[in-house]
Structures are given as structure tokens and as C-alpha cells.
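S.K.: The structure's right below; bear with me while I get my questions together.
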Amino acid sequence: MLEYRRQNTAGGPLVDYAGSNLSFTLPRSKSATTLDWDYSDFSAALTWYHTSGYAQTRSTAQSRVDGYDQFDLYLAWKGIEKLTLYAKLQNLLDEDPPYDASFPGIRAPYDFSQYDLRGRYVSVGFDYRF
């Protein structure tokens, strides 16, 4: 997001909220990139999620919240007609979201509107198509 400008008060100057948490957390960029691979009955995908850092305006204990990167891995096998067995490993590197001083004592010191707080987790399952 290049800019997100709005007035704080009627007739007041325009204030750029992009890249800060002046009113709500608004990183300048959030992106997702996926690399897929298929071979015979097997498939895999590696997804990279990136959230840029932003200026910390709600706390004097911190001036900037760091950026964050998360990687997810998906593996699947389609060896039986109409059936797919899969496993997902989310937050592959088990990275904690960046510390945000404006969230003390609320579940965790992270902005939960921007990040998944669960850490690494695995899920397995199947899809059957009728």
C-alpha cells in the first residue's frame, strides 16, 4: 500500500496511515508467494507469507514493529482414484510474530489482527470426490 490518507478531524490535515498503527495496524505490504511441484501421484507446495514492518505509534517503549515471514508446506498423494491424502505443516520454521509493545498482557505481545499466533502446527487429512 503506497498510502492511506485520511483526516483525523473534520477540516484537519490529511494523515498517512500506511506503514503504521496510528489508528489500526496497516503494514505497507503483505504478500503471499507459492511454489508448486507435481510429479506422478505426488504434489507439494511451499508458500511464503510476508508482512512488512510498521511504525509503532501506540507505545513509547518501541518505535518500530519488525516485519514477519512465515513458510507453510503442503504435501499430497493422489494414488487412488478420487482420493487425496495430504499433510500441511504451517509455520514451518516455528517463528513467533514480531513483538508489539502496544499489546501488553493481551493473550500474547503480538498484534493478533495481523499474525497467526498458534506457532507451528500440523494437520493431516483426505479429500474424497464423489
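Identifiers in the C-alpha cells: chain A, B, ... in order shown; residue index from 1 per chain; ligand index from 1 in order shown.
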Please list as a PyMOL selection string every residue within 7 Å of Asp41 (chain A), counting only C-alpha atoms and excluding residues in the same chain fewer than 6 positions away.
M.R.: chain A and resi 77-79
S.K.: List every residue of region 50-113 of chain A that has an atom at most 9 Å from any atom of region 13-27 of chain A, and for each one report the closest atom pair and its distance in Å to one decimal, counting only C-alpha atoms, with rows sorted by chain and then by increasing residue number, as a tab-separated table.
M.R.:
residue	atom	partner	partner_atom	distance
A:Thr51	CA	A:Pro27	CA	6.8
A:Ser52	CA	A:Pro27	CA	5.7
A:Gly53	CA	A:Pro27	CA	6.3
A:Tyr54	CA	A:Gly19	CA	4.6
A:Ala55	CA	A:Ser20	CA	4.4
A:Gln56	CA	A:Asn21	CA	6.0
A:Thr57	CA	A:Leu22	CA	5.7
A:Arg58	CA	A:Leu22	CA	6.9
A:Arg64	CA	A:Ser20	CA	8.5
A:Val65	CA	A:Ser20	CA	8.9
A:Gly67	CA	A:Pro27	CA	8.8
A:Asp111	CA	A:Thr25	CA	8.0
A:Ser113	CA	A:Thr25	CA	7.9
S.K.: With C-alpha atoms kept, could you save the residues just selected as a PDB file, in the first residue's frame?
M.R.:
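Result went into result31.pdb, see below:
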ATOM      1  CA  THR A  51       4.214  -8.785   6.262  1.00  0.00           C
ATOM      2  CA  SER A  52       6.337  -5.643   6.280  1.00  0.00           C
ATOM      3  CA  GLY A  53       7.236  -3.860   9.480  1.00  0.00           C
ATOM      4  CA  TYR A  54       5.461  -0.689  10.549  1.00  0.00           C
ATOM      5  CA  ALA A  55       5.957   2.373  12.727  1.00  0.00           C
ATOM      6  CA  GLN A  56       4.892   1.885  16.345  1.00  0.00           C
ATOM      7  CA  THR A  57       2.815   4.896  17.388  1.00  0.00           C
ATOM      8  CA  ARG A  58       0.833   3.477  20.322  1.00  0.00           C
ATOM      9  CA  ARG A  64       9.033   0.146  15.073  1.00  0.00           C
ATOM     10  CA  VAL A  65       7.493  -3.327  14.803  1.00  0.00           C
ATOM     11  CA  GLY A  67       8.494  -7.410   9.539  1.00  0.00           C
ATOM     12  CA  ASP A 111      -0.837  -7.862  17.014  1.00  0.00           C
ATOM     13  CA  SER A 113      -5.089  -8.840  13.767  1.00  0.00           C
TER      14      SER A 113
END
S.K.: Write down as a ChimeraX atom specification the residues belonging to chain A that are assigned strand (DSSP E) by DSSP computed on the backbone.
M.R.: /A:5-7,14-16,30-39,42-51,54-55,64-65,68-80,83-90,121-128
S.K.: Have a look at CA of Asn91 (chain A) and CA of Tyr128 (chain A) and let me know their distance in Å, one decimal.
M.R.: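 Spanning CA of Asn91 (chain A) to CA of Tyr128 (chain A) is a straight-line distance of 26.2 Å.
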S.K.: Considering only C-alpha atoms, return as a short mmCIF file (atom, residue, chain, number, x, y, z; two decimals) with N, CA and C atoms, in the first residue's frame whatever protein or nucleic-acid residues lie within 8 Å of region 29-35 of chain A, sequence-local ones (same chain, fewer than 6 positions apart) excluded.
M.R.:
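Generated output (selection_15.cif):
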data_model
loop_
_atom_site.label_atom_id
_atom_site.label_comp_id
_atom_site.auth_asym_id
_atom_site.auth_seq_id
_atom_site.Cartn_x
_atom_site.Cartn_y
_atom_site.Cartn_z
N MET A 1 0.84 -1.14 0.00
CA MET A 1 0.00 0.00 0.00
C MET A 1 0.90 1.22 0.00
N ALA A 45 3.69 -28.04 -2.16
CA ALA A 45 3.65 -26.59 -2.30
C ALA A 45 4.34 -25.96 -1.10
N LEU A 46 5.13 -24.96 -1.37
CA LEU A 46 5.77 -24.17 -0.33
C LEU A 46 5.25 -22.74 -0.49
N THR A 47 4.64 -22.21 0.56
CA THR A 47 4.08 -20.85 0.50
C THR A 47 4.83 -19.95 1.47
N TRP A 48 5.17 -18.77 0.99
CA TRP A 48 5.87 -17.76 1.79
C TRP A 48 4.91 -16.60 1.99
N TYR A 49 4.64 -16.25 3.24
CA TYR A 49 3.82 -15.09 3.59
C TYR A 49 4.75 -14.03 4.18
N HIS A 50 4.63 -12.82 3.67
CA HIS A 50 5.46 -11.72 4.17
C HIS A 50 4.57 -10.56 4.59
N THR A 51 4.86 -10.00 5.78
CA THR A 51 4.21 -8.78 6.26
C THR A 51 5.32 -7.81 6.60
N SER A 52 5.28 -6.62 6.01
CA SER A 52 6.34 -5.64 6.28
C SER A 52 6.19 -5.07 7.69
#
S.K.: Mind giving me the straight-line distance from CA of Leu89 (chain A) to CA of Val122 (chain A) in Å, one decimal?
M.R.: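 Answer for the CA of Leu89 (chain A) to CA of Val122 (chain A) separation: 4.6 Å.
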S.K.: For Tyr121 (chain A), which residue among A:Asp72, A:Asp38, A:Glu81, A:Asp100 is the nearest when counting only C-alpha atoms?
M.R.: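 Going through A:Asp72, A:Asp38, A:Glu81, A:Asp100 one by one, the smallest distance to Tyr121 (chain A) is for A:Asp72.
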S.K.: Quote the spacing between CA of Leu85 (chain A) and CA of Arg118 (chain A) in Å to one decimal place.
M.R.: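 Interatomic distance here is 23.6 Å.
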S.K.: Choose the residue, out of A:Phe112, A:Pro97, A:Gln90, A:Gly119, that has the smallest atom-to-atom separation from Asp66 (chain A); count only C-alpha atoms.
M.R.: A:Pro97
